[in-house]
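S.K.: Contents of target_3.cif (mmCIF, C-alpha atoms):
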```cif
data_upload
#
loop_
_atom_site.label_atom_id
_atom_site.label_comp_id
_atom_site.auth_asym_id
_atom_site.auth_seq_id
_atom_site.Cartn_x
_atom_site.Cartn_y
_atom_site.Cartn_z
CA MET A 1 -6.96 6.75 20.68
CA LYS A 2 -5.02 3.98 18.92
CA ASN A 3 -1.85 2.03 19.62
CA ILE A 4 0.77 2.40 16.92
CA LYS A 5 4.25 1.10 16.17
CA TYR A 6 6.66 3.38 14.34
CA LYS A 7 10.32 3.67 13.50
CA LEU A 8 12.39 6.85 13.31
CA LEU A 9 15.29 7.28 10.92
CA GLY A 10 18.54 6.16 12.52
CA ARG A 11 16.82 4.01 15.14
CA GLN A 12 16.95 0.22 15.07
CA GLN A 13 13.82 -0.66 16.98
CA LEU A 14 10.16 0.03 16.52
CA GLN A 15 8.68 2.30 19.16
CA GLU A 16 5.15 2.14 20.53
CA PHE A 17 2.86 5.07 21.16
CA ASN A 18 -0.77 5.70 22.10
CA LEU A 19 -1.87 8.10 19.39
CA GLU A 20 -4.81 10.49 19.22
CA ASN A 21 -3.68 12.51 16.20
CA GLN A 22 -0.87 11.99 13.70
CA ASP A 23 0.33 15.56 14.32
CA GLN A 24 1.52 14.44 17.75
CA LEU A 25 4.47 12.76 16.04
CA GLN A 26 5.22 15.56 13.57
CA LYS A 27 7.44 17.87 15.59
CA ASP A 28 10.33 19.94 14.28
CA ASN A 29 12.82 18.24 16.60
CA THR A 30 11.67 14.71 15.77
CA PRO A 31 13.78 12.66 13.30
CA PRO A 32 11.96 11.66 10.10
CA PHE A 33 9.96 8.47 9.98
CA ASP A 34 11.60 5.35 8.63
CA VAL A 35 9.78 2.44 6.96
CA PRO A 36 7.92 0.67 9.81
CA ILE A 37 7.93 -2.82 8.27
CA THR A 38 10.69 -5.37 7.80
CA GLY A 39 9.13 -8.22 5.81
CA MET A 40 8.11 -8.89 2.23
CA ILE A 41 5.34 -6.91 0.56
CA TYR A 42 2.84 -8.94 -1.47
CA GLY A 43 0.25 -7.19 -3.61
CA ALA A 44 -3.03 -8.46 -5.05
CA LEU A 45 -4.18 -7.29 -8.48
CA LEU A 46 -7.80 -7.01 -9.58
CA ASN A 47 -9.24 -7.24 -6.08
CA TYR A 48 -11.63 -4.28 -6.37
CA LYS A 49 -14.97 -4.85 -8.08
CA GLY A 50 -14.70 -1.63 -10.05
CA GLU A 51 -11.20 -2.53 -11.21
CA VAL A 52 -12.46 -5.77 -12.78
CA GLU A 53 -15.53 -4.05 -14.26
CA ALA A 54 -13.30 -1.41 -15.89
CA ILE A 55 -11.44 -4.04 -17.93
CA SER A 56 -14.10 -6.76 -18.08
CA ASP A 57 -14.18 -6.87 -21.90
CA SER A 58 -10.45 -7.50 -22.22
CA LEU A 59 -10.55 -10.23 -19.56
CA HIS A 60 -12.80 -12.32 -21.82
CA GLN A 61 -10.45 -12.04 -24.78
CA GLU A 62 -7.16 -13.76 -25.57
CA PRO A 63 -5.00 -14.65 -23.74
CA TYR A 64 -7.17 -14.43 -20.60
CA LYS A 65 -10.60 -15.69 -21.80
CA ALA A 66 -12.11 -15.24 -18.31
CA PRO A 67 -11.68 -13.17 -15.14
CA PRO A 68 -9.14 -14.61 -12.66
CA LYS A 69 -10.41 -17.30 -10.31
CA ALA A 70 -7.58 -16.89 -7.78
CA PRO A 71 -5.60 -13.91 -6.47
CA ILE A 72 -3.10 -12.45 -8.92
CA LEU A 73 -0.10 -11.75 -6.72
CA TYR A 74 3.10 -9.76 -7.15
CA ILE A 75 5.99 -8.61 -4.94
CA LYS A 76 7.29 -5.14 -4.14
CA PRO A 77 10.97 -5.89 -3.37
CA GLU A 78 13.10 -4.27 -0.68
CA ASN A 79 14.57 -1.62 -2.98
CA THR A 80 11.11 -0.12 -3.54
CA LYS A 81 10.44 0.75 0.10
CA ILE A 82 10.64 4.38 1.20
CA ALA A 83 9.22 6.17 4.22
CA HIS A 84 6.60 8.83 4.81
CA LYS A 85 7.63 12.20 3.29
CA MET A 86 10.57 10.73 1.37
CA PRO A 87 10.72 11.68 -2.34
CA ILE A 88 9.41 9.28 -4.99
CA PRO A 89 11.86 9.12 -7.93
CA LEU A 90 10.45 9.88 -11.39
CA PRO A 91 12.68 7.94 -13.83
CA ALA A 92 14.19 9.69 -16.82
CA ASN A 93 12.04 9.50 -19.97
CA VAL A 94 8.92 8.81 -17.89
CA ALA A 95 6.32 11.59 -17.83
CA GLU A 96 3.90 10.29 -15.20
CA LEU A 97 3.56 7.73 -12.45
CA GLN A 98 0.47 5.88 -11.28
CA VAL A 99 -0.56 6.16 -7.63
CA GLY A 100 -1.61 2.91 -5.93
CA ALA A 101 -3.40 3.63 -2.66
CA ALA A 102 -3.54 0.38 -0.69
CA LEU A 103 -4.34 -0.84 2.78
CA GLY A 104 -1.46 -2.97 4.05
CA ILE A 105 -2.18 -5.93 6.31
CA VAL A 106 0.80 -6.58 8.61
CA ILE A 107 1.23 -10.23 9.57
CA GLY A 108 1.84 -10.93 13.26
CA ARG A 109 2.74 -14.62 13.30
CA THR A 110 3.62 -17.39 10.88
CA ALA A 111 0.59 -18.04 8.70
CA SER A 112 0.20 -21.26 6.72
CA LYS A 113 -3.06 -22.83 5.51
CA VAL A 114 -5.09 -20.36 7.54
CA SER A 115 -8.87 -20.66 7.51
CA ILE A 116 -11.10 -17.65 6.88
CA GLU A 117 -12.42 -17.95 10.44
CA GLU A 118 -8.90 -17.79 11.92
CA ALA A 119 -7.39 -15.22 9.57
CA PHE A 120 -7.67 -12.20 11.88
CA ASP A 121 -5.72 -14.07 14.58
CA TYR A 122 -2.65 -13.75 12.34
CA ILE A 123 -2.89 -9.97 11.82
CA ASP A 124 -0.64 -7.67 13.82
CA GLY A 125 -1.94 -4.39 12.42
CA TYR A 126 -2.47 -2.13 9.43
CA THR A 127 -0.48 0.45 7.50
CA ILE A 128 -0.74 2.57 4.36
CA VAL A 129 1.13 1.66 1.18
CA ASN A 130 1.48 3.59 -2.07
CA ASP A 131 2.04 1.00 -4.79
CA ILE A 132 3.67 3.32 -7.32
CA SER A 133 4.04 2.07 -10.88
CA ILE A 134 4.63 3.19 -14.43
CA GLN A 135 1.47 2.80 -16.49
CA HIS A 136 1.23 -0.56 -18.25
CA GLU A 137 -1.41 -2.87 -19.69
CA SER A 138 -0.09 -6.19 -18.47
CA VAL A 139 -2.24 -7.93 -15.86
CA TYR A 140 -1.29 -11.60 -15.85
CA ARG A 141 2.40 -11.05 -16.69
CA PRO A 142 4.76 -9.57 -14.07
CA ALA A 143 5.29 -5.85 -14.68
CA ILE A 144 8.67 -5.86 -12.96
CA SER A 145 10.24 -2.88 -14.72
CA GLN A 146 7.06 -0.85 -14.13
CA LYS A 147 6.48 -1.71 -10.45
CA ALA A 148 9.79 -2.73 -8.88
CA ARG A 149 11.93 0.40 -9.33
CA ASP A 150 13.82 2.10 -6.52
CA GLY A 151 11.51 4.14 -4.30
CA PHE A 152 8.29 2.82 -5.84
CA CYS A 153 6.67 1.78 -2.55
CA PRO A 154 6.15 4.41 0.16
CA VAL A 155 5.00 2.78 3.40
CA GLY A 156 3.79 4.17 6.72
CA PRO A 157 4.00 6.38 8.57
CA TYR A 158 3.36 3.68 11.19
CA ILE A 159 1.55 0.44 11.94
CA VAL A 160 -1.80 0.72 13.68
CA GLU A 161 -2.24 -2.28 15.94
CA LYS A 162 -5.20 -4.53 15.28
CA HIS A 163 -8.29 -3.61 17.29
CA SER A 164 -11.91 -4.73 17.17
CA SER A 165 -12.98 -1.17 16.35
CA ILE A 166 -11.06 -1.28 13.05
CA GLN A 167 -13.00 -3.07 10.34
CA PRO A 168 -10.48 -3.47 7.47
CA ASP A 169 -13.23 -4.42 5.02
CA ARG A 170 -15.04 -1.11 5.61
CA LEU A 171 -12.39 1.60 5.41
CA LYS A 172 -12.62 4.73 3.24
CA ILE A 173 -9.55 5.45 1.11
CA GLN A 174 -8.85 8.89 -0.36
CA VAL A 175 -6.05 10.18 -2.57
CA PHE A 176 -5.24 13.89 -2.73
CA ILE A 177 -2.88 15.30 -5.36
CA ASN A 178 -1.68 18.81 -4.51
CA ASN A 179 -4.52 18.98 -1.94
CA GLU A 180 -7.18 18.09 -4.52
CA LEU A 181 -9.27 14.95 -3.96
CA CYS A 182 -8.58 12.74 -6.99
CA GLN A 183 -9.73 9.30 -5.87
CA GLU A 184 -12.10 7.89 -3.28
CA ASN A 185 -13.13 4.32 -2.63
CA THR A 186 -13.71 1.86 0.19
CA THR A 187 -12.44 -1.59 1.08
CA ALA A 188 -16.10 -2.62 1.19
CA ASN A 189 -15.67 -3.01 -2.58
CA LEU A 190 -13.06 -5.75 -2.31
CA ILE A 191 -13.76 -8.93 -4.28
CA ARG A 192 -11.83 -10.94 -1.70
CA PRO A 193 -12.21 -9.44 1.77
CA VAL A 194 -9.17 -9.48 4.01
CA ALA A 195 -9.81 -12.84 5.69
CA GLN A 196 -10.55 -14.58 2.39
CA LEU A 197 -7.46 -13.10 0.72
CA LEU A 198 -5.20 -14.26 3.56
CA SER A 199 -6.77 -17.70 3.54
CA GLU A 200 -6.33 -18.15 -0.22
CA MET A 201 -2.73 -16.90 -0.14
CA THR A 202 -1.66 -19.09 2.76
CA SER A 203 -3.21 -22.15 1.13
CA PHE A 204 -0.03 -22.41 -0.98
CA MET A 205 2.52 -20.09 0.66
CA THR A 206 3.65 -19.21 4.16
CA LEU A 207 3.51 -15.61 5.38
CA ASP A 208 6.02 -14.66 8.06
CA PRO A 209 5.74 -12.12 10.89
CA GLY A 210 6.38 -8.65 9.49
CA ASP A 211 5.19 -9.50 5.97
CA VAL A 212 2.62 -7.16 4.47
CA VAL A 213 -0.29 -8.01 2.18
CA LEU A 214 -1.76 -5.22 0.04
CA VAL A 215 -5.49 -5.82 -0.33
CA GLY A 216 -5.54 -4.16 -3.76
CA VAL A 217 -5.58 -0.81 -5.53
CA PRO A 218 -8.92 0.81 -6.50
CA GLU A 219 -9.82 1.45 -10.12
CA HIS A 220 -8.88 4.67 -11.94
CA PRO A 221 -5.66 5.38 -10.01
CA PRO A 222 -4.51 9.01 -10.30
CA LEU A 223 -1.46 9.97 -12.35
CA VAL A 224 1.25 12.25 -10.99
CA LYS A 225 4.20 14.13 -12.46
CA ALA A 226 7.37 15.76 -11.14
CA GLY A 227 6.65 18.15 -8.29
CA ASP A 228 3.25 16.68 -7.39
CA HIS A 229 2.47 16.07 -3.72
CA ILE A 230 0.58 12.86 -2.90
CA ARG A 231 -1.47 12.39 0.26
CA ILE A 232 -3.21 9.07 0.92
CA GLU A 233 -5.70 8.95 3.76
CA ILE A 234 -7.19 5.71 5.05
CA GLU A 235 -9.92 5.95 7.64
CA GLN A 236 -8.72 5.02 11.15
CA ILE A 237 -5.22 4.23 9.84
CA GLY A 238 -3.61 7.58 9.07
CA VAL A 239 -2.04 9.72 6.35
CA LEU A 240 0.90 8.89 4.05
CA GLU A 241 2.52 11.78 2.17
CA ASN A 242 5.24 11.88 -0.48
CA GLN A 243 6.35 14.13 -3.32
CA VAL A 244 7.42 13.12 -6.82
CA VAL A 245 10.94 14.27 -7.71
CA ARG A 246 12.91 13.74 -10.90
CA GLU A 247 15.42 10.93 -10.48
CA GLU A 248 18.30 13.04 -11.78
CA GLU A 249 17.56 15.74 -9.21
CA LEU A 250 17.75 13.20 -6.40
CA ARG A 251 21.12 12.01 -7.69
CA LEU A 252 22.32 15.62 -7.62
CA GLY A 253 21.04 16.06 -4.08
CA VAL A 254 18.35 18.61 -4.93
CA SER A 255 15.82 18.88 -2.08
CA PRO A 256 12.10 18.61 -3.00
#
```
Let me see the file written as structure tokens.
M.R.:
Amino acid sequence: MKNIKYKLLGRQQLQEFNLENQDQLQKDNTPPFDVPITGMIYGALLNYKGEVEAISDSLHQEPYKAPPKAPILYIKPENTKIAHKMPIPLPANVAELQVGAALGIVIGRTASKVSIEEAFDYIDGYTIVNDISIQHESVYRPAISQKARDGFCPVGPYIVEKHSSIQPDRLKIQVFINNELCQENTTANLIRPVAQLLSEMTSFMTLDPGDVVLVGVPEHPPLVKAGDHIRIEIEQIGVLENQVVREEELRLGVSP
């Protein structure tokens, strides 16, 4: 049993529910889910050990010369947010998209210069985020055109309220493409665990209630094409599902 906050399409307010199974909210007469968060989404690159190991040689070459010593952050703007089961647009002239399965940390109160010991006091809950992007090689330079396109950030289906039984640094993450397991990892492999990441971020910037911090995306993210169904499962948090649809079909109103 877990307490969740969710938002239905057409409703203004978040609703609360004591959930045993996600299927309890998936009824034919229930409106679709809407995005359950209202704040900014901040992502952290290269925060999985395997992700850094996979490109370790290039990190010691020009222009980097060494692995990063601080979080490499980026923003998923408002236009990227879509809800559970909404279609992900595949832009014209793009063959594949990269799936970015990420645990989202939802901030509960204004966080500035937060210590590691106090970090969890500022967390409201957790959600699932799919940090969709077009494949690119840039790490230290903002990949805006590859990561900030319309519909490139499914979020949800809901926020699971913080509880002592949920250990965000020990959660299994799985990605299924067309019901086939394509990626599996755990937040135990984070370079900067949740509290450390929040502490380092708030040392120079303020996080507001409703903001979301993505702890990172595991190495070897799966690639998807038009028609593929993506299901991300995070232990104790839930299941986020979306399908990839050609952008021109969405403009024509073709249903996935």
S.K.: Pick the closest to Ser165 in chain A from A:Leu19, A:Leu9, A:Ile237, A:Met40: which is it, counting all atoms listed in the file?
M.R.: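 So, comparing all the options, the nearest one is A:Ile237.
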S.K.: Name the residues in contact with Gly227 in chain A at a cut-off of 12 Å, using all atoms listed in the file, excluding same-chain residues fewer than 2 positions from it; report them as a PyMOL selection string.
M.R.: chain A and resi 87-90+95-97+177-178+224-225+229-230+242-247+249+255-256
S.K.: Skipping near chain neighbours, those fewer than 6 positions away, what residues fall within 10 Å of range 115-122 of chain A using all atoms listed in the file, listed as JSON, numbers by chain?
M.R.: {"A": [105, 106, 107, 108, 109, 162, 193, 194, 195, 196, 197, 198, 199, 200, 202, 203, 207, 208, 209]}
S.K.: Can you turn the PyMOL selection byres ((chain A and resi 163) around 12) into a concrete residue list for this file, as a VMD selection string?
M.R.: chain A and resid 1 to 4 120 to 121 123 to 126 159 to 162 164 to 168 236 to 237
S.K.: Extract, using all atoms listed in the file, all DNA, RNA and protein residues at most 10 Å from Tyr158 in chain A, discarding same-chain residues fewer than 6 positions from it, and format them as a list of chain:residue names.
M.R.: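 Skipping anything fewer than 6 positions along the chain leaves A:Ile4, A:Lys5, A:Tyr6, A:Lys7, A:Leu8, A:Leu14, A:Gln15, A:Glu16, A:Gln22, A:Phe33, A:Asp34, A:Val35, A:Pro36, A:Ile37, A:Ala83, A:His84, A:Gly125, A:Tyr126, A:Thr127, A:Ile128, A:Ile237, A:Gly238, A:Val239, A:Leu240.
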S.K.: Could you check how far CA of Glu53 in chain A sits from CA of Val155 in chain A, in Å to one decimal?
M.R.: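 Answer for the CA of Glu53 in chain A to CA of Val155 in chain A separation: 27.9 Å.
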S.K.: May I have the residues at most 9 Å from (-17.6, 0.6, -8.2) in the file's coordinates, counting only C-alpha atoms, as a list in words?
M.R.: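 I get Tyr48, Lys49, Gly50, Glu51, Glu53, Asn185, Asn189, Pro218 and Glu219 of chain A for the residues within 9 Å of that point.
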S.K.: Selection in question (the file shown): the PyMOL selection byres ((chain A and resi 175) around 8). Which residues does it include, as an MDAnalysis selection string?
M.R.: chainID A and resid 101 173:174 176:177 181:184 222 230:233
S.K.: Just to be explicit: take each residue in the selection above, keep C-alpha atoms, and write the result as a PDB file, in the coordinates of the input.
M.R.:
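Written output follows (part37.pdb):
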```
ATOM      1  CA  ALA A 101      -3.400   3.630  -2.660  1.00  0.00           C
ATOM      2  CA  ILE A 173      -9.550   5.450   1.110  1.00  0.00           C
ATOM      3  CA  GLN A 174      -8.850   8.890  -0.360  1.00  0.00           C
ATOM      4  CA  PHE A 176      -5.240  13.890  -2.730  1.00  0.00           C
ATOM      5  CA  ILE A 177      -2.880  15.300  -5.360  1.00  0.00           C
ATOM      6  CA  LEU A 181      -9.270  14.950  -3.960  1.00  0.00           C
ATOM      7  CA  CYS A 182      -8.580  12.740  -6.990  1.00  0.00           C
ATOM      8  CA  GLN A 183      -9.730   9.300  -5.870  1.00  0.00           C
ATOM      9  CA  GLU A 184     -12.100   7.890  -3.280  1.00  0.00           C
ATOM     10  CA  PRO A 222      -4.510   9.010 -10.300  1.00  0.00           C
ATOM     11  CA  ILE A 230       0.580  12.860  -2.900  1.00  0.00           C
ATOM     12  CA  ARG A 231      -1.470  12.390   0.260  1.00  0.00           C
ATOM     13  CA  ILE A 232      -3.210   9.070   0.920  1.00  0.00           C
ATOM     14  CA  GLU A 233      -5.700   8.950   3.760  1.00  0.00           C
TER      15      GLU A 233
END
```
S.K.: Please write as a PyMOL selection string the full residue list that the PyMOL selection byres ((chain A and resi 75) around 8) yields on this file.
M.R.: chain A and resi 40-43+73-74+76-77
S.K.: May I ask which of the residues A:Gly104, A:Pro157, A:Pro71, A:Pro221 is the closest one to Pro32 in chain A, counting all atoms listed in the file?
M.R.: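 Selected residue with least distance to Pro32 in chain A: A:Pro157.
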S.K.: Between CA of Lys147 in chain A and CA of Pro31 in chain A, what distance in Å does the model show, to one decimal?
M.R.: 28.7 Å
S.K.: As a count of residues only, please: the residues near Gly39 in chain A (cut-off 7 Å, only C-alpha atoms, same-chain neighbours under 3 positions excluded).
M.R.: 3
S.K.: Out of A:Ile134, A:Arg11, A:Asp228, A:Ala102, which residue has the shortest atom-to-atom distance to Thr187 in chain A when counting all atoms listed in the file?
M.R.: A:Ala102
S.K.: To one decimal in Å, tell me the separation between CA of Ala148 in chain A and CA of Thr80 in chain A.
M.R.: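 These two atoms are separated by 6.1 Å.
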S.K.: Would you mind completing range 40-51 of chain A so that it carries all heavy atoms, and writing it out as a short mmCIF file (atom, residue, chain, number, x, y, z; two decimals), keeping the file's coordinate frame?
M.R.:
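Below you can see out16.cif, which holds the result:
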```cif
data_model
loop_
_atom_site.label_atom_id
_atom_site.label_comp_id
_atom_site.auth_asym_id
_atom_site.auth_seq_id
_atom_site.Cartn_x
_atom_site.Cartn_y
_atom_site.Cartn_z
N MET A 40 8.44 -8.98 3.65
CA MET A 40 8.11 -8.89 2.23
C MET A 40 6.77 -8.18 2.06
O MET A 40 5.91 -8.20 2.94
CB MET A 40 7.99 -10.30 1.63
CG MET A 40 9.30 -11.06 1.60
SD MET A 40 10.46 -10.38 0.40
CE MET A 40 9.60 -10.74 -1.13
N ILE A 41 6.61 -7.54 0.90
CA ILE A 41 5.34 -6.91 0.56
C ILE A 41 4.74 -7.66 -0.62
O ILE A 41 5.36 -7.76 -1.70
CB ILE A 41 5.51 -5.42 0.20
CG1 ILE A 41 6.06 -4.65 1.39
CG2 ILE A 41 4.18 -4.82 -0.26
CD1 ILE A 41 6.29 -3.17 1.11
N TYR A 42 3.55 -8.22 -0.42
CA TYR A 42 2.84 -8.94 -1.47
C TYR A 42 1.59 -8.16 -1.86
O TYR A 42 0.79 -7.78 -1.00
CB TYR A 42 2.42 -10.33 -0.98
CG TYR A 42 3.57 -11.21 -0.55
CD1 TYR A 42 3.98 -11.26 0.78
CD2 TYR A 42 4.25 -11.99 -1.47
CE1 TYR A 42 5.03 -12.06 1.18
CE2 TYR A 42 5.31 -12.81 -1.07
CZ TYR A 42 5.69 -12.84 0.25
OH TYR A 42 6.74 -13.63 0.64
N GLY A 43 1.42 -7.92 -3.14
CA GLY A 43 0.25 -7.19 -3.61
C GLY A 43 -0.73 -8.11 -4.33
O GLY A 43 -0.34 -9.16 -4.86
N ALA A 44 -1.99 -7.71 -4.35
CA ALA A 44 -3.03 -8.46 -5.05
C ALA A 44 -3.65 -7.57 -6.13
O ALA A 44 -4.15 -6.49 -5.83
CB ALA A 44 -4.11 -8.94 -4.07
N LEU A 45 -3.57 -8.02 -7.37
CA LEU A 45 -4.18 -7.29 -8.48
C LEU A 45 -5.65 -7.66 -8.64
O LEU A 45 -6.08 -8.74 -8.24
CB LEU A 45 -3.45 -7.61 -9.78
CG LEU A 45 -2.01 -7.10 -9.94
CD1 LEU A 45 -1.40 -7.64 -11.22
CD2 LEU A 45 -1.98 -5.57 -9.93
N LEU A 46 -6.40 -6.76 -9.23
CA LEU A 46 -7.80 -7.01 -9.58
C LEU A 46 -8.62 -7.50 -8.39
O LEU A 46 -9.39 -8.46 -8.50
CB LEU A 46 -7.90 -8.01 -10.74
CG LEU A 46 -7.26 -7.60 -12.07
CD1 LEU A 46 -7.47 -8.68 -13.12
CD2 LEU A 46 -7.81 -6.27 -12.55
N ASN A 47 -8.47 -6.83 -7.26
CA ASN A 47 -9.24 -7.24 -6.08
C ASN A 47 -10.31 -6.23 -5.71
O ASN A 47 -10.94 -6.36 -4.67
CB ASN A 47 -8.32 -7.51 -4.88
CG ASN A 47 -9.00 -8.37 -3.83
OD1 ASN A 47 -9.82 -9.23 -4.16
ND2 ASN A 47 -8.67 -8.14 -2.57
N TYR A 48 -10.51 -5.21 -6.54
CA TYR A 48 -11.63 -4.28 -6.37
C TYR A 48 -12.65 -4.54 -7.47
O TYR A 48 -12.28 -4.73 -8.64
CB TYR A 48 -11.16 -2.83 -6.44
CG TYR A 48 -10.70 -2.27 -5.11
CD1 TYR A 48 -9.39 -2.44 -4.68
CD2 TYR A 48 -11.58 -1.58 -4.28
CE1 TYR A 48 -8.97 -1.93 -3.46
CE2 TYR A 48 -11.17 -1.06 -3.06
CZ TYR A 48 -9.86 -1.24 -2.66
OH TYR A 48 -9.44 -0.73 -1.44
N LYS A 49 -13.92 -4.56 -7.10
CA LYS A 49 -14.97 -4.85 -8.08
C LYS A 49 -14.92 -3.89 -9.26
O LYS A 49 -15.04 -4.30 -10.42
CB LYS A 49 -16.33 -4.79 -7.39
CG LYS A 49 -16.50 -5.83 -6.30
CD LYS A 49 -17.79 -5.62 -5.50
CE LYS A 49 -17.89 -6.62 -4.35
NZ LYS A 49 -19.08 -6.38 -3.50
N GLY A 50 -14.75 -2.61 -8.98
CA GLY A 50 -14.70 -1.63 -10.05
C GLY A 50 -13.51 -1.79 -10.96
O GLY A 50 -13.57 -1.49 -12.16
N GLU A 51 -12.41 -2.30 -10.42
CA GLU A 51 -11.20 -2.53 -11.21
C GLU A 51 -11.46 -3.62 -12.25
O GLU A 51 -11.06 -3.49 -13.41
CB GLU A 51 -10.06 -2.93 -10.27
CG GLU A 51 -8.69 -2.96 -10.89
CD GLU A 51 -7.63 -3.46 -9.92
OE1 GLU A 51 -8.00 -4.00 -8.84
OE2 GLU A 51 -6.45 -3.33 -10.24
#
```
